[in-house]
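Note: the block below is start.txt and it holds compact mmCIF, C-alpha atoms.
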```
# COMPACT_ATOMS: atom_id res chain seq x y z
CA MET A 996 80.30 110.40 89.30
CA PRO A 997 81.97 113.78 89.83
CA PRO A 998 85.76 114.06 89.46
CA LEU A 999 87.91 112.99 92.37
CA ARG A 1000 88.95 115.92 94.56
CA CYS A 1001 90.52 114.29 97.60
CA VAL A 1002 92.51 111.12 98.40
CA SER A 1003 92.88 109.52 101.82
CA PHE A 1004 95.90 107.23 102.19
CA ASP A 1005 96.55 104.61 104.81
CA PHE A 1006 100.24 104.78 105.71
CA ASP A 1007 101.70 101.38 106.62
CA ASP A 1008 102.22 99.19 103.53
CA THR A 1009 100.27 101.72 101.46
CA LEU A 1010 102.82 104.54 101.29
CA LEU A 1011 105.63 103.00 103.34
CA LEU A 1012 106.71 99.36 103.60
CA SER A 1013 106.49 99.50 107.37
CA GLU A 1014 104.36 96.64 108.71
CA LYS A 1015 107.20 94.14 108.44
CA CYS A 1016 109.53 96.67 110.06
CA LYS A 1017 107.14 97.20 112.99
CA ALA A 1018 106.54 93.48 113.44
CA SER A 1019 110.25 92.71 113.51
CA THR A 1020 110.81 95.53 116.02
CA PHE A 1021 108.26 93.99 118.39
CA ASP A 1022 110.13 90.71 117.94
CA VAL A 1023 113.43 92.39 118.86
CA ILE A 1024 111.90 93.89 122.03
CA ALA A 1025 110.24 90.63 123.09
CA ALA A 1026 113.41 88.59 122.49
CA ARG A 1027 115.19 90.58 125.19
CA TYR A 1028 113.13 88.78 127.83
CA GLU A 1029 112.68 85.15 128.81
CA ASP A 1030 109.35 83.83 127.41
CA GLY A 1031 108.90 87.14 125.55
CA PRO A 1032 108.47 85.66 122.04
CA GLN A 1033 105.96 83.08 123.30
CA ILE A 1034 103.86 85.73 125.05
CA LEU A 1035 104.04 88.11 122.08
CA ALA A 1036 102.79 85.40 119.71
CA ALA A 1037 99.45 85.31 121.55
CA ILE A 1038 98.85 89.09 121.44
CA PRO A 1039 96.70 90.55 118.59
CA ARG A 1040 98.94 92.90 116.63
CA ASP A 1041 97.49 93.50 113.14
CA ALA A 1042 95.24 96.58 113.03
CA ARG A 1043 94.31 95.78 109.42
CA ASP A 1044 92.02 92.94 110.56
CA ILE A 1045 89.95 95.11 112.90
CA ALA A 1046 86.49 96.28 111.81
CA PRO A 1047 85.59 99.99 112.02
CA GLY A 1048 84.47 100.99 115.51
CA GLN A 1049 86.37 98.19 117.22
CA PRO A 1050 89.44 98.78 119.42
CA VAL A 1051 92.58 98.73 117.29
CA PRO A 1052 95.80 97.16 118.59
CA THR A 1053 98.43 99.85 119.12
CA ARG A 1054 102.04 99.84 120.27
CA HIS A 1055 100.65 100.79 123.69
CA THR A 1056 98.19 97.89 123.98
CA ILE A 1057 100.73 95.41 122.59
CA CYS A 1058 103.57 96.50 124.88
CA HIS A 1059 101.32 96.58 127.94
CA ALA A 1060 99.98 93.10 127.13
CA LEU A 1061 103.55 91.84 126.72
CA ALA A 1062 104.57 93.44 130.02
CA ALA A 1063 101.57 91.96 131.82
CA GLY A 1064 102.39 88.50 130.47
CA LEU A 1065 106.04 88.78 131.45
CA HIS A 1066 105.20 90.14 134.89
CA ALA A 1067 102.76 87.28 135.51
CA ARG A 1068 105.55 84.79 134.76
CA GLY A 1069 107.90 86.47 137.16
CA VAL A 1070 110.00 88.27 134.53
CA ARG A 1071 110.56 91.60 136.24
CA PRO A 1072 113.82 93.17 135.03
CA GLY A 1073 113.02 96.76 135.99
CA PRO A 1074 113.33 98.66 139.25
CA GLU A 1075 112.24 96.81 142.37
CA GLY A 1076 108.48 97.02 142.79
CA GLU A 1077 107.83 98.05 139.18
CA ASN A 1078 104.21 97.16 138.36
CA PRO A 1079 102.95 95.81 134.99
CA GLU A 1080 101.65 99.24 133.93
CA ALA A 1081 105.03 100.92 134.45
CA PHE A 1082 106.78 97.97 132.79
CA GLY A 1083 104.46 98.30 129.76
CA THR A 1084 105.18 102.02 129.50
CA ARG A 1085 108.91 101.34 129.56
CA LEU A 1086 108.58 98.67 126.84
CA CYS A 1087 106.54 101.06 124.73
CA ASP A 1088 109.22 103.73 125.05
CA GLU A 1089 111.88 101.20 124.00
CA PHE A 1090 109.80 100.13 121.00
CA SER A 1091 109.01 103.71 119.94
CA GLN A 1092 112.65 104.80 119.95
CA LEU A 1093 113.83 101.78 117.99
CA VAL A 1094 111.02 101.66 115.42
CA GLN A 1095 111.22 105.40 114.76
CA GLN A 1096 114.85 105.06 113.69
CA ARG A 1097 114.05 102.11 111.45
CA LEU A 1098 110.90 103.58 109.84
CA CYS A 1099 112.57 106.84 108.81
CA GLU A 1100 114.86 104.68 106.64
CA ALA A 1101 112.27 102.13 105.45
CA GLU A 1102 111.49 101.76 101.74
CA GLU A 1103 108.47 103.49 100.28
CA VAL A 1104 105.83 101.53 98.43
CA SER A 1105 106.96 101.87 94.81
CA GLY A 1106 105.75 105.14 93.30
CA ALA A 1107 104.51 106.71 96.56
CA ASP A 1108 106.63 109.87 96.40
CA ALA A 1109 105.90 110.47 92.72
CA VAL A 1110 102.15 109.99 93.15
CA LEU A 1111 101.90 112.30 96.16
CA ARG A 1112 103.83 115.04 94.39
CA HIS A 1113 101.81 114.66 91.19
CA LEU A 1114 98.44 114.80 92.92
CA SER A 1115 99.51 117.75 95.07
CA SER A 1116 100.77 119.69 92.05
CA HIS A 1117 97.35 119.27 90.41
CA GLY A 1118 95.39 120.52 93.41
CA ILE A 1119 94.15 117.15 94.64
CA ALA A 1120 94.00 117.24 98.47
CA CYS A 1121 95.83 114.30 100.06
CA TYR A 1122 95.43 113.05 103.62
CA VAL A 1123 97.11 110.40 105.74
CA ASN A 1124 94.57 108.26 107.60
CA SER A 1125 96.51 105.93 109.89
CA ALA A 1126 96.37 104.04 113.19
CA THR A 1127 100.02 105.00 113.83
CA PRO A 1128 100.34 107.37 116.84
CA GLN A 1129 100.18 111.01 115.78
CA GLU A 1130 103.55 112.27 117.01
CA PRO A 1131 105.78 109.56 115.47
CA LEU A 1132 103.64 109.62 112.31
CA ASP A 1133 104.26 113.36 111.91
CA ALA A 1134 107.99 112.79 112.47
CA ILE A 1135 108.19 110.08 109.79
CA VAL A 1136 106.22 112.17 107.28
CA ARG A 1137 108.57 115.12 107.86
CA ALA A 1138 111.70 112.95 107.70
CA ARG A 1139 110.65 111.75 104.26
CA GLY A 1140 109.94 115.26 102.99
CA TRP A 1141 106.21 114.61 102.57
CA HIS A 1142 104.68 116.97 105.11
CA ASP A 1143 103.91 119.76 102.61
CA LEU A 1144 102.22 117.27 100.28
CA PHE A 1145 99.35 116.55 102.69
CA ALA A 1146 96.36 118.71 103.57
CA GLY A 1147 96.15 116.75 106.81
CA VAL A 1148 97.95 113.94 108.64
CA TYR A 1149 95.56 111.99 110.86
CA GLY A 1150 97.09 109.45 113.22
CA ALA A 1151 96.03 107.89 116.50
CA THR A 1152 95.61 110.36 119.37
CA GLY A 1153 94.59 110.08 123.00
CA SER A 1154 90.92 110.23 122.01
CA PRO A 1155 89.35 107.18 120.33
CA THR A 1156 89.14 107.95 116.62
CA THR A 1157 88.30 105.62 113.73
CA LYS A 1158 89.28 105.77 110.09
CA VAL A 1159 85.65 106.63 109.32
CA ASP A 1160 86.00 109.67 111.61
CA ASN A 1161 89.13 110.72 109.72
CA LEU A 1162 87.41 110.33 106.34
CA THR A 1163 84.58 112.50 107.63
CA LYS A 1164 87.03 115.17 108.87
CA ALA A 1165 88.84 115.23 105.53
CA ALA A 1166 85.60 115.57 103.55
CA GLU A 1167 84.28 118.32 105.82
CA ARG A 1168 87.57 120.18 105.66
CA GLN A 1169 87.54 120.06 101.85
CA GLY A 1170 83.80 120.74 101.61
CA ILE A 1171 83.16 117.65 99.47
CA ARG A 1172 80.81 114.67 99.31
CA PRO A 1173 81.91 111.05 99.84
CA ASP A 1174 81.73 110.33 96.09
CA GLU A 1175 84.45 112.97 95.53
CA LEU A 1176 86.90 111.15 97.80
CA VAL A 1177 88.81 107.87 97.45
CA HIS A 1178 90.45 105.96 100.28
CA VAL A 1179 93.56 103.91 99.46
CA GLY A 1180 94.72 101.19 101.85
CA ASP A 1181 95.89 97.63 102.32
CA GLY A 1182 93.79 96.47 105.27
CA GLU A 1183 90.32 95.16 105.91
CA ASN A 1184 89.80 98.08 108.28
CA ASP A 1185 90.53 100.47 105.38
CA ASN A 1186 88.13 98.64 103.11
CA LEU A 1187 85.29 98.61 105.66
CA ALA A 1188 85.90 102.23 106.64
CA ALA A 1189 85.49 103.31 103.00
CA GLU A 1190 82.26 101.32 102.75
CA ALA A 1191 80.91 102.81 105.99
CA PHE A 1192 81.78 106.34 104.88
CA GLY A 1193 80.42 105.81 101.37
CA CYS A 1194 83.51 106.50 99.27
CA ARG A 1195 85.36 104.40 96.72
CA PHE A 1196 88.23 102.19 97.85
CA ILE A 1197 91.46 101.20 96.11
CA GLY A 1198 93.06 98.13 97.67
CA VAL A 1199 96.84 97.80 97.81
CA HIS A 1200 98.74 94.52 97.87
CA ALA A 1201 102.21 95.99 98.22
CA GLU A 1202 105.42 93.98 98.37
CA GLY A 1203 105.62 92.28 101.73
CA GLY A 1204 102.14 93.53 102.65
CA SER A 1205 98.62 92.18 102.68
CA THR A 1206 97.41 89.60 100.17
CA ARG A 1207 93.95 89.16 101.63
CA THR A 1208 90.62 89.27 99.86
CA PHE A 1209 88.61 92.36 100.79
CA LYS A 1210 85.03 91.88 101.99
CA ALA A 1211 83.55 95.23 100.98
CA PRO A 1212 83.45 96.67 97.44
CA VAL A 1213 86.80 97.52 95.83
CA HIS A 1214 87.05 100.01 92.98
CA GLU A 1215 90.31 98.43 91.88
CA LEU A 1216 93.13 96.34 93.34
CA VAL A 1217 96.74 97.47 92.80
CA ALA A 1218 100.25 96.23 93.56
CA ASP A 1219 101.88 99.62 94.19
CA MET A 1220 101.43 103.37 94.01
CA TRP A 1221 102.27 103.58 90.31
CA GLU A 1222 99.15 101.53 89.59
CA ALA A 1223 97.12 103.46 92.16
CA GLY A 1224 98.34 106.74 90.66
CA ARG A 1225 97.16 105.77 87.20
CA ILE A 1226 93.65 105.17 88.53
CA LEU A 1227 93.61 108.27 90.72
CA CYS A 1228 94.65 110.49 87.81
CA GLU A 1229 91.84 109.06 85.70
CA LEU A 1230 89.28 109.60 88.48
CA ALA A 1231 90.52 113.14 89.10
CA GLU A 1232 90.57 113.89 85.35
CA ILE A 1233 94.12 115.23 85.53
CA ALA A 1234 97.24 114.57 83.47
CA PRO A 1235 98.72 111.07 83.87
CA LEU A 1236 101.93 110.48 85.79
CA ASP A 1237 105.19 111.18 83.96
CA GLY A 1238 108.43 109.29 84.44
CA ALA A 1239 109.03 105.70 85.48
CA ARG A 1240 106.09 103.36 85.82
CA ARG A 1241 105.52 99.81 86.89
CA THR A 1242 105.42 97.75 83.70
CA SER A 1243 105.18 94.21 85.01
```

Structure rendered as structure tokens:
Amino acid sequence: MPPLRCVSFDFDDTLLLSEKCKASTFDVIAARYEDGPQILAAIPRDARDIAPGQPVPTRHTICHALAAGLHARGVRPGPEGENPEAFGTRLCDEFSQLVQQRLCEAEEVSGADAVLRHLSSHGIACYVNSATPQEPLDAIVRARGWHDLFAGVYGATGSPTTKVDNLTKAAERQGIRPDELVHVGDGENDNLAAEAFGCRFIGVHAEGGSTRTFKAPVHELVADMWEAGRILCELAEIAPLDGARRTS
């Protein structure tokens, strides 16, 4: 195979330990309302389990489903006459404000910053390929000082877009074939997107993240970005990472 020229990274629990933070933030929002936790428990929330091409749960769909459930049970704390749609929008705004504050301070997956800077310094194009909404994703990337390390940051927009679409955009932008790109992620949707696109996949089982078995082919399974970085440097035929490394 030709040397690696481009890396696509999922964001949540691949670069940033954020899934637990997001889940707990939904719990905080739901707990403000009677029956909220019970209703939330029945709403699909994990985008990592969704196959490519299928609708992915977002903060918008989750908050609107929570609002609809609360409204149906007579929990209507907003302005008089507020309908479920407006209630859902208000819940989503509450969630977005709270989770944004928490995510900007969340821990990175071990080695993420070092790997991104090393790959960038050696001319390897890096992309974010995430189901997180575009605007807050951009804000988090900037807050962490990572914006200049990416050739592109692809999050969820108003138009339906899959991770396969984002892989295609990255490859076209770089002028490369699928076998010159690797996708790194922790979810089944990442794994299946890589298979559908035709590129190699590195699976991440980060601390507090996924521990599932992937269904599609996996080039290698890693526990953090230090391990992923070692493999990526080998595939790109560039110098190995310097400095601290995971040793256990």

- Message: Report, in Å with one decimal, the straight-line distance from CA of Leu1093 in chain A to CA of Asp1108 in chain A.
- Response: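 That distance, rounded to one decimal, is 24.2 Å.
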
- So what do you get for CA of Arg1195 in chain A versus CA of Pro1052 in chain A, distance-wise?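 A separation of 25.3 Å between them.
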
- Cys1016 in chain A environment, 10 Å, all atoms listed in the file, sequence neighbours closer than 6 positions dropped, as a PyMOL selection string: chain A and resi 1007+1022+1094+1097-1098+1101-1102

- Item | Close residues, range 1213-1227 of chain A itself excluded, 9 Å, all atoms listed in the file, min 4 positions apart in chain, as a ChimeraX atom specification | /A:999,1002,1009-1010,1104-1111,1113-1114,1177,1179,1186,1195-1202,1209,1231-1233,1235-1236,1239-1241

- What is the distance, in Å and to one decimal place, between CA of Ala1025 in chain A and CA of Ser1125 in chain A?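 We find that CA of Ala1025 in chain A and CA of Ser1125 in chain A lie 24.4 Å from each other.
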
- Which is closest to Asp1237 in chain A among A:Asn1078, A:Arg1112, A:Glu1100, A:Thr1056, if we use all atoms listed in the file?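 Using all atoms listed in the file, the shortest distance to Asp1237 in chain A belongs to A:Arg1112.
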
- Message: Nearest residue to Cys1228 in chain A out of A:Arg1071, A:Arg1000, A:His1066, A:Arg1139, using only C-alpha atoms?
- Response: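 Result for the nearest residue to Cys1228 in chain A: A:Arg1000.
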
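Proximity to Val1123 in chain A at 6 Å, evaluated using only C-alpha atoms and with sequence-adjacent residues fewer than 4 positions away removed, yields A:Ser1003, A:Phe1004, A:Asp1005, A:Val1148, A:Tyr1149.
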
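In terms of minimum interatomic distance to Pro1072 in chain A, A:Leu1086 ranks closest within A:Leu1012, A:Leu1086, A:Ala1060, A:Ala1146, counting only C-alpha atoms.
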
- Message: Counting all atoms listed in the file, which residue out of A:Arg1054, A:Arg1172, A:Lys1158, A:Arg1040 sits closest to Pro998 in chain A?
- Response: A:Arg1172

- Query: Between A:Ala1166, A:Val1051, A:Ile1038, A:Ala1234, which has the minimum distance to Ser1116 in chain A (counting only C-alpha atoms)?
  - Reply: A:Ala1234

- Query: Hey, which of A:Gln1129, A:Thr1157, A:Ser1013, A:Thr1208 ends up closest to Cys1099 in chain A? Count only C-alpha atoms.
  - Reply: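 Once distances to Cys1099 in chain A are computed over only C-alpha atoms, the minimum belongs to A:Ser1013.
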
- For Gly1064 in chain A, list every protein, DNA or RNA residue within 12 Å, evaluated using only C-alpha atoms, and leave out those in the same chain fewer than 6 positions away; present the list as a PyMOL selection string. chain A and resi 1025+1028-1038+1057-1058+1070-1071+1078-1080+1082-1083

Atoms are missing here; could range 1047-1064 of chain A be completed with N, CA and C atoms and written as a PDB file, in the coordinates of the input?
```
ATOM      1  N   PRO A1047      85.794  98.623 111.546  1.00  0.00           N
ATOM      2  CA  PRO A1047      85.590  99.990 112.020  1.00  0.00           C
ATOM      3  C   PRO A1047      84.775 100.019 113.314  1.00  0.00           C
ATOM      4  N   GLY A1048      85.173 100.875 114.247  1.00  0.00           N
ATOM      5  CA  GLY A1048      84.470 100.990 115.510  1.00  0.00           C
ATOM      6  C   GLY A1048      84.972 100.082 116.599  1.00  0.00           C
ATOM      7  N   GLN A1049      85.812  99.105 116.244  1.00  0.00           N
ATOM      8  CA  GLN A1049      86.370  98.190 117.220  1.00  0.00           C
ATOM      9  C   GLN A1049      87.747  98.678 117.677  1.00  0.00           C
ATOM     10  N   PRO A1050      88.125  98.350 118.929  1.00  0.00           N
ATOM     11  CA  PRO A1050      89.440  98.780 119.420  1.00  0.00           C
ATOM     12  C   PRO A1050      90.566  98.243 118.536  1.00  0.00           C
ATOM     13  N   VAL A1051      91.479  99.102 118.170  1.00  0.00           N
ATOM     14  CA  VAL A1051      92.580  98.730 117.290  1.00  0.00           C
ATOM     15  C   VAL A1051      93.841  98.489 118.121  1.00  0.00           C
ATOM     16  N   PRO A1052      94.537  97.371 117.882  1.00  0.00           N
ATOM     17  CA  PRO A1052      95.800  97.160 118.590  1.00  0.00           C
ATOM     18  C   PRO A1052      96.783  98.285 118.268  1.00  0.00           C
ATOM     19  N   THR A1053      97.420  98.807 119.292  1.00  0.00           N
ATOM     20  CA  THR A1053      98.430  99.850 119.120  1.00  0.00           C
ATOM     21  C   THR A1053      99.713  99.400 119.801  1.00  0.00           C
ATOM     22  N   ARG A1054     100.784 100.164 119.596  1.00  0.00           N
ATOM     23  CA  ARG A1054     102.040  99.840 120.270  1.00  0.00           C
ATOM     24  C   ARG A1054     101.837  99.852 121.791  1.00  0.00           C
ATOM     25  N   HIS A1055     100.910 100.695 122.257  1.00  0.00           N
ATOM     26  CA  HIS A1055     100.650 100.790 123.690  1.00  0.00           C
ATOM     27  C   HIS A1055      99.955  99.515 124.202  1.00  0.00           C
ATOM     28  N   THR A1056      98.898  99.083 123.522  1.00  0.00           N
ATOM     29  CA  THR A1056      98.190  97.890 123.980  1.00  0.00           C
ATOM     30  C   THR A1056      99.066  96.653 123.860  1.00  0.00           C
ATOM     31  N   ILE A1057      99.863  96.576 122.798  1.00  0.00           N
ATOM     32  CA  ILE A1057     100.730  95.410 122.590  1.00  0.00           C
ATOM     33  C   ILE A1057     101.822  95.357 123.657  1.00  0.00           C
ATOM     34  N   CYS A1058     102.484  96.478 123.892  1.00  0.00           N
ATOM     35  CA  CYS A1058     103.570  96.500 124.880  1.00  0.00           C
ATOM     36  C   CYS A1058     103.051  96.267 126.287  1.00  0.00           C
ATOM     37  N   HIS A1059     101.881  96.804 126.607  1.00  0.00           N
ATOM     38  CA  HIS A1059     101.320  96.580 127.940  1.00  0.00           C
ATOM     39  C   HIS A1059     100.868  95.134 128.107  1.00  0.00           C
ATOM     40  N   ALA A1060     100.351  94.524 127.044  1.00  0.00           N
ATOM     41  CA  ALA A1060      99.980  93.100 127.130  1.00  0.00           C
ATOM     42  C   ALA A1060     101.223  92.235 127.297  1.00  0.00           C
ATOM     43  N   LEU A1061     102.292  92.575 126.580  1.00  0.00           N
ATOM     44  CA  LEU A1061     103.550  91.840 126.720  1.00  0.00           C
ATOM     45  C   LEU A1061     104.096  91.984 128.134  1.00  0.00           C
ATOM     46  N   ALA A1062     104.066  93.203 128.662  1.00  0.00           N
ATOM     47  CA  ALA A1062     104.570  93.440 130.020  1.00  0.00           C
ATOM     48  C   ALA A1062     103.746  92.676 131.049  1.00  0.00           C
ATOM     49  N   ALA A1063     102.420  92.674 130.870  1.00  0.00           N
ATOM     50  CA  ALA A1063     101.570  91.960 131.820  1.00  0.00           C
ATOM     51  C   ALA A1063     101.866  90.467 131.798  1.00  0.00           C
ATOM     52  N   GLY A1064     102.071  89.918 130.584  1.00  0.00           N
ATOM     53  CA  GLY A1064     102.390  88.500 130.470  1.00  0.00           C
ATOM     54  C   GLY A1064     103.731  88.155 131.095  1.00  0.00           C
TER      55      GLY A1064
END
```
